[in-house]
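Visitor: This is the structure, below, for whatever I ask next.
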Amino acid sequence: EIGANFSDNNESGNYIVEDYTMNMLRNLPPNAIIFSTQWDFWVSGAFYYQLVEHVRPDVLVIDKAMLRDRPWYYAELEKRAPEVFRRVKPEEEAFLKLLWAFDKGDPFDENAIAPAYERFTTALVERNLDRPIFVTQEMIDEKDDLFAPKLRTNPAGIAYRLLRSDSVFNVP
């Protein structure tokens, strides 16, 4: 089976994930935070390059999809960027209480989880605006009204920078 199918399935020359990941990481400013749902295309690659190859460990890559529905993911994020999450501890704990209950199948207030998520993501972004914060294209195309809804996006290279609606962004 291997011999008969190897040439049709050989991806050893496919560098799409590596190229996209490296372009994204290298083009972000120092200490940037970037939210994305592109796990297959670059987020998983970023985790590898940052944690194993030590490429741009100053950039905090956050998979927004996992942020919304994987409570175990928070421990990794807090380990990588404790200062970012220290600023939003009350909102994080309130959302995680509901998310853990949902994840375990325990009873929880279904009407409270979406507003708790919105409060958490809004705080996460707004309290860390001393760092440049970005989102990727699919987050513009598939807008999540609960994710930091008070901020606007500006194109900035291959990502979009999140800014307060009254701010001015100078393109370098």
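Ordering of the structure tokens sets the chain letters (A, B, ...); residue numbers start at 1 within each chain; ligands are numbered from 1 in the order shown.
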Counting only C-alpha atoms, which residues in segment 32-51 of chain A sit no more than 9 Å from segment 121-144 of chain A? For each one, give the nearest pair of atoms and the distance in Å, sorted by chain then residue number, as a Markdown table.
Guide:
```
| residue | atom | partner | partner_atom | distance |
| --- | --- | --- | --- | --- |
| A:Ala32 | CA | A:Pro132 | CA | 4.8 |
| A:Ile33 | CA | A:Ile133 | CA | 4.7 |
| A:Ile34 | CA | A:Phe134 | CA | 4.5 |
| A:Phe35 | CA | A:Val135 | CA | 4.8 |
| A:Ser36 | CA | A:Thr136 | CA | 5.4 |
| A:Thr37 | CA | A:Met139 | CA | 7.3 |
| A:Gln38 | CA | A:Glu138 | CA | 7.8 |
```
Visitor: List the spatial neighbours of Glu110 of chain A as a list in words - criterion: any atom at most 10 Å away, only C-alpha atoms, same-chain residues fewer than 5 positions off excluded.
Guide: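 Surrounding residues, per the criterion: Leu98, Phe102 and Pro115 of chain A.
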Visitor: Could you pull the residues within 12 Å of Val55 of chain A, counting only C-alpha atoms, minus those fewer than 2 positions along the same chain, as a PyMOL selection string?
Guide: chain A and resi 18+21-26+45-53+57-60
Visitor: Can you pull out every residue within 10 Å of Trp72 of chain A, counting only C-alpha atoms, but drop anything in the same chain fewer than 2 positions away, and send it as a list in words?
Guide: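 So the residues in contact are Met66, Leu67, Asp69, Arg70, Tyr74, Ala75, Glu76, Leu77, Leu96, Leu99, Trp100 and Asp103 of chain A.
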Visitor: Could you pull out the strand (DSSP E) residues of segment 10-170 of chain A, going by DSSP on the backbone, and write them as a list in words?
Guide: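 For segment 10-170 of chain A, the strand (DSSP E) set is Ile33, Ile34, Phe35, Ser36, Leu60, Val61, Ile62, Asp63, Ile133, Phe134, Val135, Leu151, Arg152, Thr153, Asn154, Pro155, Ala156, Ala159, Tyr160, Arg161, Leu162, Leu163 and Arg164 of chain A.
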Visitor: Go through A:Pro29, A:Ala65, A:Arg161, A:Glu78 one by one, measure the shortest atom-to-atom distance of each to Glu92 of chain A using only C-alpha atoms, and give the residue with the smallest value.
Guide: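 Comparing A:Pro29, A:Ala65, A:Arg161, A:Glu78 against Glu92 of chain A, the winner is A:Glu78.
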Visitor: Just list as a PyMOL selection string whatever in chain A DSSP marks as alpha helix (DSSP H).
Guide: chain A and resi 2-9+16-27+44-51+64-69+73-80+82-86+89-104+110-126+137-141
Visitor: To one decimal place in Å, what is the distance between atom CA of Asn27 of chain A and atom CA of Gly157 of chain A?
Guide: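 Atom CA of Gly157 of chain A lies 7.4 Å from atom CA of Asn27 of chain A.
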Visitor: Counting only C-alpha atoms, which of A:Ile16, A:Lys64, A:Ala156, A:Asn31 gets nearest to Glu83 of chain A?
Guide: A:Asn31
Visitor: Have a look at atom CA of Ala94 of chain A and atom CA of Val61 of chain A and let me know their distance in Å, one decimal.
Guide: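 Taking atom CA of Ala94 of chain A as the start and atom CA of Val61 of chain A as the end point, the length is 22.5 Å.
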Visitor: Choose the residue, out of A:Trp42, A:Asn10, A:Arg68, A:Ile62, that has the smallest atom-to-atom separation from Ala81 of chain A; count only C-alpha atoms.
Guide: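 The shortest atom-to-atom distance to Ala81 of chain A comes from A:Ile62.
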